[in-house]
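> File name protein.cif; file contents mmCIF, N, CA and C atoms; full text below.
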data_target
loop_
_atom_site.group_PDB
_atom_site.id
_atom_site.type_symbol
_atom_site.label_atom_id
_atom_site.label_comp_id
_atom_site.auth_asym_id
_atom_site.auth_seq_id
_atom_site.Cartn_x
_atom_site.Cartn_y
_atom_site.Cartn_z
ATOM 1 N N MET A 1 4.090 0.245 -12.581
ATOM 2 C CA MET A 1 5.068 0.266 -11.518
ATOM 3 C C MET A 1 4.441 0.790 -10.226
ATOM 4 N N LEU A 2 3.519 1.740 -10.345
ATOM 5 C CA LEU A 2 2.870 2.292 -9.157
ATOM 6 C C LEU A 2 2.145 1.202 -8.379
ATOM 7 N N GLU A 3 1.496 0.308 -9.085
ATOM 8 C CA GLU A 3 0.740 -0.749 -8.410
ATOM 9 C C GLU A 3 1.653 -1.744 -7.699
ATOM 10 N N SER A 4 2.807 -2.041 -8.270
ATOM 11 C CA SER A 4 3.715 -2.974 -7.607
ATOM 12 C C SER A 4 4.314 -2.350 -6.346
ATOM 13 N N ILE A 5 4.633 -1.075 -6.388
ATOM 14 C CA ILE A 5 5.140 -0.398 -5.197
ATOM 15 C C ILE A 5 4.037 -0.313 -4.150
ATOM 16 N N ALA A 6 2.820 0.014 -4.592
ATOM 17 C CA ALA A 6 1.701 0.099 -3.664
ATOM 18 C C ALA A 6 1.424 -1.250 -3.005
ATOM 19 N N ALA A 7 1.487 -2.322 -3.764
ATOM 20 C CA ALA A 7 1.262 -3.656 -3.196
ATOM 21 C C ALA A 7 2.322 -3.979 -2.145
ATOM 22 N N SER A 8 3.554 -3.600 -2.405
ATOM 23 C CA SER A 8 4.622 -3.849 -1.439
ATOM 24 C C SER A 8 4.416 -3.051 -0.167
ATOM 25 N N VAL A 9 4.082 -1.782 -0.318
ATOM 26 C CA VAL A 9 3.903 -0.930 0.857
ATOM 27 C C VAL A 9 2.672 -1.353 1.649
ATOM 28 N N ILE A 10 1.585 -1.688 0.956
ATOM 29 C CA ILE A 10 0.388 -2.170 1.648
ATOM 30 C C ILE A 10 0.698 -3.471 2.371
ATOM 31 N N GLY A 11 1.564 -4.284 1.792
ATOM 32 C CA GLY A 11 1.962 -5.534 2.407
ATOM 33 C C GLY A 11 2.889 -5.370 3.597
ATOM 34 N N GLY A 12 3.329 -4.145 3.863
ATOM 35 C CA GLY A 12 4.135 -3.898 5.057
ATOM 36 C C GLY A 12 5.609 -3.709 4.810
ATOM 37 N N VAL A 13 6.038 -3.676 3.568
ATOM 38 C CA VAL A 13 7.456 -3.455 3.280
ATOM 39 C C VAL A 13 7.760 -1.986 3.491
ATOM 40 N N SER A 14 8.762 -1.704 4.285
ATOM 41 C CA SER A 14 9.133 -0.325 4.567
ATOM 42 C C SER A 14 9.923 0.256 3.401
ATOM 43 N N LEU A 15 9.574 1.458 3.003
ATOM 44 C CA LEU A 15 10.328 2.125 1.943
ATOM 45 C C LEU A 15 11.701 2.571 2.425
ATOM 46 N N ARG A 16 11.856 2.695 3.717
ATOM 47 C CA ARG A 16 13.136 3.137 4.273
ATOM 48 C C ARG A 16 14.143 2.005 4.389
ATOM 49 N N GLY A 17 13.653 0.817 4.786
ATOM 50 C CA GLY A 17 14.584 -0.267 5.019
ATOM 51 C C GLY A 17 14.375 -1.473 4.139
ATOM 52 N N GLY A 18 13.210 -1.576 3.526
ATOM 53 C CA GLY A 18 12.935 -2.693 2.645
ATOM 54 C C GLY A 18 12.700 -3.996 3.372
ATOM 55 N N VAL A 19 12.334 -3.932 4.644
ATOM 56 C CA VAL A 19 12.107 -5.135 5.423
ATOM 57 C C VAL A 19 10.638 -5.525 5.297
ATOM 58 N N GLY A 20 10.382 -6.788 4.940
ATOM 59 C CA GLY A 20 9.006 -7.241 4.802
ATOM 60 C C GLY A 20 8.954 -8.726 4.503
ATOM 61 N N ARG A 21 7.752 -9.245 4.345
ATOM 62 C CA ARG A 21 7.554 -10.656 4.055
ATOM 63 C C ARG A 21 6.829 -10.816 2.730
ATOM 64 N N VAL A 22 7.160 -11.879 2.023
ATOM 65 C CA VAL A 22 6.572 -12.123 0.710
ATOM 66 C C VAL A 22 5.073 -12.379 0.827
ATOM 67 N N GLY A 23 4.661 -13.109 1.816
ATOM 68 C CA GLY A 23 3.243 -13.398 2.001
ATOM 69 C C GLY A 23 2.420 -12.137 2.200
ATOM 70 N N ASN A 24 2.974 -11.185 2.943
ATOM 71 C CA ASN A 24 2.263 -9.926 3.159
ATOM 72 C C ASN A 24 2.170 -9.116 1.871
ATOM 73 N N VAL A 25 3.201 -9.181 1.037
ATOM 74 C CA VAL A 25 3.165 -8.475 -0.243
ATOM 75 C C VAL A 25 2.094 -9.096 -1.146
ATOM 76 N N VAL A 26 1.962 -10.404 -1.100
ATOM 77 C CA VAL A 26 0.917 -11.075 -1.879
ATOM 78 C C VAL A 26 -0.458 -10.618 -1.401
ATOM 79 N N LEU A 27 -0.634 -10.509 -0.087
ATOM 80 C CA LEU A 27 -1.904 -10.011 0.443
ATOM 81 C C LEU A 27 -2.142 -8.557 0.030
ATOM 82 N N GLY A 28 -1.086 -7.750 0.023
ATOM 83 C CA GLY A 28 -1.210 -6.366 -0.435
ATOM 84 C C GLY A 28 -1.624 -6.293 -1.892
ATOM 85 N N ALA A 29 -1.058 -7.160 -2.717
ATOM 86 C CA ALA A 29 -1.441 -7.205 -4.131
ATOM 87 C C ALA A 29 -2.887 -7.657 -4.273
ATOM 88 N N PHE A 30 -3.300 -8.600 -3.432
ATOM 89 C CA PHE A 30 -4.679 -9.073 -3.462
ATOM 90 C C PHE A 30 -5.650 -7.949 -3.111
ATOM 91 N N VAL A 31 -5.300 -7.141 -2.129
ATOM 92 C CA VAL A 31 -6.140 -6.000 -1.751
ATOM 93 C C VAL A 31 -6.255 -5.025 -2.913
ATOM 94 N N LEU A 32 -5.140 -4.740 -3.571
ATOM 95 C CA LEU A 32 -5.184 -3.823 -4.709
ATOM 96 C C LEU A 32 -6.027 -4.380 -5.848
ATOM 97 N N VAL A 33 -5.934 -5.663 -6.097
ATOM 98 C CA VAL A 33 -6.740 -6.280 -7.149
ATOM 99 C C VAL A 33 -8.224 -6.184 -6.804
ATOM 100 N N LEU A 34 -8.565 -6.402 -5.537
ATOM 101 C CA LEU A 34 -9.958 -6.291 -5.114
ATOM 102 C C LEU A 34 -10.480 -4.867 -5.304
ATOM 103 N N VAL A 35 -9.676 -3.875 -4.914
ATOM 104 C CA VAL A 35 -10.092 -2.480 -5.075
ATOM 105 C C VAL A 35 -10.234 -2.141 -6.549
ATOM 106 N N SER A 36 -9.283 -2.563 -7.346
ATOM 107 C CA SER A 36 -9.331 -2.283 -8.776
ATOM 108 C C SER A 36 -10.524 -2.957 -9.439
ATOM 109 N N ASN A 37 -10.770 -4.198 -9.080
ATOM 110 C CA ASN A 37 -11.901 -4.923 -9.650
ATOM 111 C C ASN A 37 -13.221 -4.274 -9.246
ATOM 112 N N ALA A 38 -13.324 -3.856 -8.000
ATOM 113 C CA ALA A 38 -14.548 -3.192 -7.544
ATOM 114 C C ALA A 38 -14.775 -1.895 -8.316
ATOM 115 N N MET A 39 -13.705 -1.145 -8.554
ATOM 116 C CA MET A 39 -13.851 0.102 -9.314
ATOM 117 C C MET A 39 -14.219 -0.186 -10.769
ATOM 118 N N ASN A 40 -13.694 -1.261 -11.327
ATOM 119 C CA ASN A 40 -14.078 -1.642 -12.692
ATOM 120 C C ASN A 40 -15.553 -2.027 -12.762
ATOM 121 N N LEU A 41 -16.022 -2.761 -11.763
ATOM 122 C CA LEU A 41 -17.429 -3.154 -11.742
ATOM 123 C C LEU A 41 -18.352 -1.951 -11.569
ATOM 124 N N MET A 42 -17.859 -0.924 -10.873
ATOM 125 C CA MET A 42 -18.644 0.300 -10.701
ATOM 126 C C MET A 42 -18.458 1.273 -11.865
ATOM 127 N N ARG A 43 -17.657 0.846 -12.850
ATOM 128 C CA ARG A 43 -17.385 1.638 -14.054
ATOM 129 C C ARG A 43 -16.753 2.992 -13.743
ATOM 130 N N VAL A 44 -15.776 2.965 -12.837
ATOM 131 C CA VAL A 44 -15.023 4.172 -12.500
ATOM 132 C C VAL A 44 -13.990 4.403 -13.599
ATOM 133 N N ASP A 45 -13.795 5.653 -13.970
ATOM 134 C CA ASP A 45 -12.830 6.012 -15.012
ATOM 135 C C ASP A 45 -11.421 5.563 -14.618
ATOM 136 N N SER A 46 -10.628 5.173 -15.591
ATOM 137 C CA SER A 46 -9.286 4.656 -15.320
ATOM 138 C C SER A 46 -8.380 5.715 -14.706
ATOM 139 N N LYS A 47 -8.583 6.969 -15.046
ATOM 140 C CA LYS A 47 -7.764 8.031 -14.449
ATOM 141 C C LYS A 47 -8.062 8.168 -12.966
ATOM 142 N N ILE A 48 -9.311 8.031 -12.607
ATOM 143 C CA ILE A 48 -9.680 8.114 -11.195
ATOM 144 C C ILE A 48 -9.173 6.885 -10.446
ATOM 145 N N GLN A 49 -9.131 5.744 -11.118
ATOM 146 C CA GLN A 49 -8.592 4.540 -10.487
ATOM 147 C C GLN A 49 -7.123 4.733 -10.126
ATOM 148 N N THR A 50 -6.377 5.387 -11.007
ATOM 149 C CA THR A 50 -4.966 5.665 -10.714
ATOM 150 C C THR A 50 -4.843 6.597 -9.522
ATOM 151 N N VAL A 51 -5.726 7.575 -9.438
ATOM 152 C CA VAL A 51 -5.719 8.497 -8.306
ATOM 153 C C VAL A 51 -6.023 7.750 -7.013
ATOM 154 N N VAL A 52 -6.984 6.844 -7.060
ATOM 155 C CA VAL A 52 -7.335 6.062 -5.865
ATOM 156 C C VAL A 52 -6.157 5.191 -5.428
ATOM 157 N N VAL A 53 -5.467 4.571 -6.372
ATOM 158 C CA VAL A 53 -4.286 3.765 -6.030
ATOM 159 C C VAL A 53 -3.215 4.662 -5.407
ATOM 160 N N GLY A 54 -3.060 5.855 -5.926
ATOM 161 C CA GLY A 54 -2.101 6.803 -5.354
ATOM 162 C C GLY A 54 -2.473 7.200 -3.939
ATOM 163 N N ILE A 55 -3.764 7.414 -3.701
ATOM 164 C CA ILE A 55 -4.219 7.762 -2.352
ATOM 165 C C ILE A 55 -3.982 6.602 -1.385
ATOM 166 N N VAL A 56 -4.246 5.392 -1.849
ATOM 167 C CA VAL A 56 -3.990 4.211 -1.016
ATOM 168 C C VAL A 56 -2.493 4.093 -0.711
ATOM 169 N N LEU A 57 -1.654 4.374 -1.699
ATOM 170 C CA LEU A 57 -0.205 4.334 -1.490
ATOM 171 C C LEU A 57 0.233 5.387 -0.483
ATOM 172 N N ILE A 58 -0.289 6.588 -0.598
ATOM 173 C CA ILE A 58 0.059 7.650 0.351
ATOM 174 C C ILE A 58 -0.382 7.273 1.761
ATOM 175 N N ALA A 59 -1.566 6.701 1.886
ATOM 176 C CA ALA A 59 -2.051 6.268 3.196
ATOM 177 C C ALA A 59 -1.159 5.168 3.773
ATOM 178 N N ALA A 60 -0.728 4.239 2.944
ATOM 179 C CA ALA A 60 0.142 3.155 3.421
ATOM 180 C C ALA A 60 1.495 3.690 3.862
ATOM 181 N N VAL A 61 2.032 4.661 3.136
ATOM 182 C CA VAL A 61 3.313 5.265 3.524
ATOM 183 C C VAL A 61 3.151 6.034 4.832
ATOM 184 N N ALA A 62 2.013 6.721 5.001
ATOM 185 C CA ALA A 62 1.771 7.452 6.246
ATOM 186 C C ALA A 62 1.678 6.500 7.430
ATOM 187 N N VAL A 63 1.012 5.370 7.244
ATOM 188 C CA VAL A 63 0.926 4.370 8.319
ATOM 189 C C VAL A 63 2.302 3.804 8.630
ATOM 190 N N ASP A 64 3.121 3.573 7.611
ATOM 191 C CA ASP A 64 4.481 3.078 7.821
ATOM 192 C C ASP A 64 5.312 4.084 8.597
ATOM 193 N N ALA A 65 5.195 5.358 8.257
ATOM 194 C CA ALA A 65 5.938 6.397 8.982
ATOM 195 C C ALA A 65 5.493 6.466 10.432
ATOM 196 N N TRP A 66 4.186 6.327 10.655
ATOM 197 C CA TRP A 66 3.668 6.343 12.020
ATOM 198 C C TRP A 66 4.213 5.149 12.816
ATOM 199 N N ARG A 67 4.245 3.962 12.181
ATOM 200 C CA ARG A 67 4.791 2.775 12.858
ATOM 201 C C ARG A 67 6.261 2.959 13.204
ATOM 202 N N GLN A 68 7.008 3.569 12.302
ATOM 203 C CA GLN A 68 8.430 3.808 12.566
ATOM 204 C C GLN A 68 8.604 4.714 13.786
ATOM 205 N N ARG A 69 7.788 5.746 13.894
ATOM 206 C CA ARG A 69 7.865 6.655 15.040
ATOM 207 C C ARG A 69 7.528 5.937 16.346
ATOM 208 N N VAL A 70 6.507 5.090 16.310
ATOM 209 C CA VAL A 70 6.117 4.349 17.514
ATOM 210 C C VAL A 70 7.233 3.417 17.921
ATOM 211 N N ARG A 71 7.860 2.745 16.977
ATOM 212 C CA ARG A 71 8.965 1.817 17.291
ATOM 213 C C ARG A 71 10.147 2.572 17.888
ATOM 214 N N GLN A 72 10.457 3.748 17.343
ATOM 215 C CA GLN A 72 11.585 4.527 17.848
ATOM 216 C C GLN A 72 11.321 5.011 19.279
ATOM 217 N N ARG A 73 10.072 5.347 19.582
ATOM 218 C CA ARG A 73 9.747 5.793 20.942
ATOM 219 C C ARG A 73 9.863 4.666 21.934
ATOM 220 N N LYS A 74 9.519 3.439 21.514
ATOM 221 C CA LYS A 74 9.612 2.296 22.422
ATOM 222 C C LYS A 74 11.068 1.949 22.709
ATOM 223 N N VAL A 75 11.935 2.125 21.708
ATOM 224 C CA VAL A 75 13.354 1.811 21.883
ATOM 225 C C VAL A 75 14.032 2.833 22.773
ATOM 226 N N ALA A 76 13.688 4.095 22.588
ATOM 227 C CA ALA A 76 14.355 5.169 23.332
ATOM 228 C C ALA A 76 13.883 5.314 24.721
#
Spell out the structure here as C-alpha coordinates.


Amino acid sequence: MLESIAASVIGGVSLRGGVGRVGNVVLGAFVLVLVSNAMNLMRVDSKIQTVVVGIVLIAAVAVDAWRQRVRQRKVA
(Lines of atoms letter the chains of each structure in order from A and count residues from 1; the text may use other names and numbers.)
(Lines give C-alpha, C1' and ligand atoms only; values in the text may rest on other atoms or scores of the structure.)
Protein backbone atom coordinates (compact mmCIF):
# COMPACT_ATOMS: atom_id res chain seq x y z
CA MET A 1 0.00 0.00 0.00
CA LEU A 2 2.90 2.36 0.73
CA GLU A 3 4.13 2.07 -2.85
CA SER A 4 0.73 2.84 -4.36
CA ILE A 5 0.35 5.95 -2.21
CA ALA A 6 3.91 6.98 -3.02
CA ALA A 7 3.29 6.54 -6.75
CA SER A 8 0.20 8.73 -6.51
CA VAL A 9 1.95 11.46 -4.56
CA ILE A 10 5.02 11.38 -6.82
CA GLY A 11 2.62 11.63 -9.74
CA GLY A 12 1.28 14.89 -8.33
CA VAL A 13 -1.93 13.82 -6.62
CA SER A 14 -2.50 16.01 -3.60
CA LEU A 15 -3.19 14.21 -0.34
CA ARG A 16 -5.35 17.13 0.73
CA GLY A 17 -7.64 17.35 -2.26
CA GLY A 18 -6.99 14.27 -4.34
CA VAL A 19 -6.64 16.27 -7.54
CA GLY A 20 -4.35 14.71 -10.14
CA ARG A 21 -4.02 13.01 -13.50
CA VAL A 22 -3.83 9.32 -14.28
CA GLY A 23 -0.90 9.74 -16.65
CA ASN A 24 1.14 11.45 -13.95
CA VAL A 25 0.37 8.64 -11.51
CA VAL A 26 1.61 6.13 -14.09
CA LEU A 27 4.83 8.14 -14.41
CA GLY A 28 5.13 8.20 -10.61
CA ALA A 29 4.76 4.42 -10.51
CA PHE A 30 7.37 4.14 -13.26
CA VAL A 31 9.81 6.21 -11.20
CA LEU A 32 9.24 4.00 -8.17
CA VAL A 33 9.78 0.86 -10.24
CA LEU A 34 13.04 2.29 -11.60
CA VAL A 35 14.27 3.14 -8.09
CA SER A 36 13.25 -0.26 -6.77
CA ASN A 37 14.85 -2.09 -9.67
CA ALA A 38 18.07 -0.12 -9.27
CA MET A 39 18.19 -0.99 -5.57
CA ASN A 40 17.58 -4.66 -6.39
CA LEU A 41 20.43 -4.62 -8.90
CA MET A 42 22.68 -3.06 -6.26
CA ARG A 43 21.54 -5.79 -3.83
CA VAL A 44 20.17 -3.36 -1.26
CA ASP A 45 18.37 -5.02 1.66
CA SER A 46 14.58 -5.04 1.38
CA LYS A 47 14.18 -3.22 4.70
CA ILE A 48 16.34 -0.38 3.45
CA GLN A 49 14.34 -0.30 0.22
CA THR A 50 11.19 0.32 2.26
CA VAL A 51 12.96 3.13 4.09
CA VAL A 52 14.03 4.68 0.79
CA VAL A 53 10.45 4.52 -0.53
CA GLY A 54 9.30 6.19 2.69
CA ILE A 55 11.89 8.94 2.28
CA VAL A 56 10.77 9.49 -1.31
CA LEU A 57 7.16 9.68 -0.11
CA ILE A 58 8.04 12.21 2.58
CA ALA A 59 9.92 14.31 0.03
CA ALA A 60 6.96 14.20 -2.37
CA VAL A 61 4.55 15.28 0.39
CA ALA A 62 6.91 18.12 1.34
CA VAL A 63 7.03 19.31 -2.28
CA ASP A 64 3.22 19.13 -2.44
CA ALA A 65 2.90 21.20 0.73
CA TRP A 66 5.34 23.75 -0.67
CA ARG A 67 3.32 23.96 -3.93
CA GLN A 68 0.12 24.50 -1.96
CA ARG A 69 1.72 27.40 -0.07
CA VAL A 70 2.96 29.00 -3.30
CA ARG A 71 -0.51 28.70 -4.88
CA GLN A 72 -2.17 30.25 -1.82
CA ARG A 73 0.24 33.20 -1.90
CA LYS A 74 -0.49 33.84 -5.57
CA VAL A 75 -4.25 33.83 -4.92
CA ALA A 76 -4.10 36.12 -1.90

> Give me, as a tab-separated table, each residue of stretch 15-71 of chain A that comes within 10 Å of stretch 1-7 of chain A, together with its shortest interatomic pair and the distance in Å at one decimal, counting only C-alpha atoms, with rows ordered by chain and rising residue number.


residue	atom	partner	partner_atom	distance
A:Leu15	CA	A:Ile5	CA	9.2
A:Asn24	CA	A:Ala7	CA	9.0
A:Val25	CA	A:Ala7	CA	6.0
A:Val26	CA	A:Ala7	CA	7.5
A:Leu27	CA	A:Ala7	CA	8.0
A:Gly28	CA	A:Ala7	CA	4.6
A:Ala29	CA	A:Ala7	CA	4.6
A:Phe30	CA	A:Ala7	CA	8.0
A:Val31	CA	A:Ala7	CA	7.9
A:Leu32	CA	A:Ala7	CA	6.6
A:Val33	CA	A:Ala7	CA	9.3
A:Thr50	CA	A:Leu2	CA	8.7
A:Val53	CA	A:Glu3	CA	7.2
A:Gly54	CA	A:Leu2	CA	7.7
A:Ile55	CA	A:Ala6	CA	9.8
A:Val56	CA	A:Ala6	CA	7.5
A:Leu57	CA	A:Ala6	CA	5.1
A:Ile58	CA	A:Ala6	CA	8.7
A:Ala59	CA	A:Ala6	CA	10.0
A:Ala60	CA	A:Ala6	CA	7.9
A:Val61	CA	A:Ala6	CA	9.0

> Quick one, how far is atom C of A:Val13 from atom C of A:Asp64?

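We find that atom C of A:Val13 and atom C of A:Asp64 lie 8.3 Å from each other.
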
> Just how far from atom C of A:Gly11 is atom C of A:Gly23, in Å to one decimal?

6.9 Å

> What does the distance from atom CA of A:Gly12 to atom CA of A:Val70 come to in Å, to one decimal?

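Between atom CA of A:Gly12 and atom CA of A:Val70 the gap works out to 15.1 Å.
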
> So which residues of chain A fall under helix (DSSP H, G or I) by DSSP, listed as a PyMOL selection string?

chain A and resi 2-10+22-41+46-75

> Pick out the closest residue to A:Val22 from this set: A:Ala62, A:Val52, A:Ile10, A:Leu41. Count only C-alpha atoms.

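So, comparing all the options, the nearest one is A:Ile10.
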
> Determine the nearest neighbour of A:Arg21 from the options A:Arg73, A:Ile48, A:Ser36, A:Ser8, counting only C-alpha atoms.

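Using only C-alpha atoms, A:Arg21 sits closest to A:Ser8.
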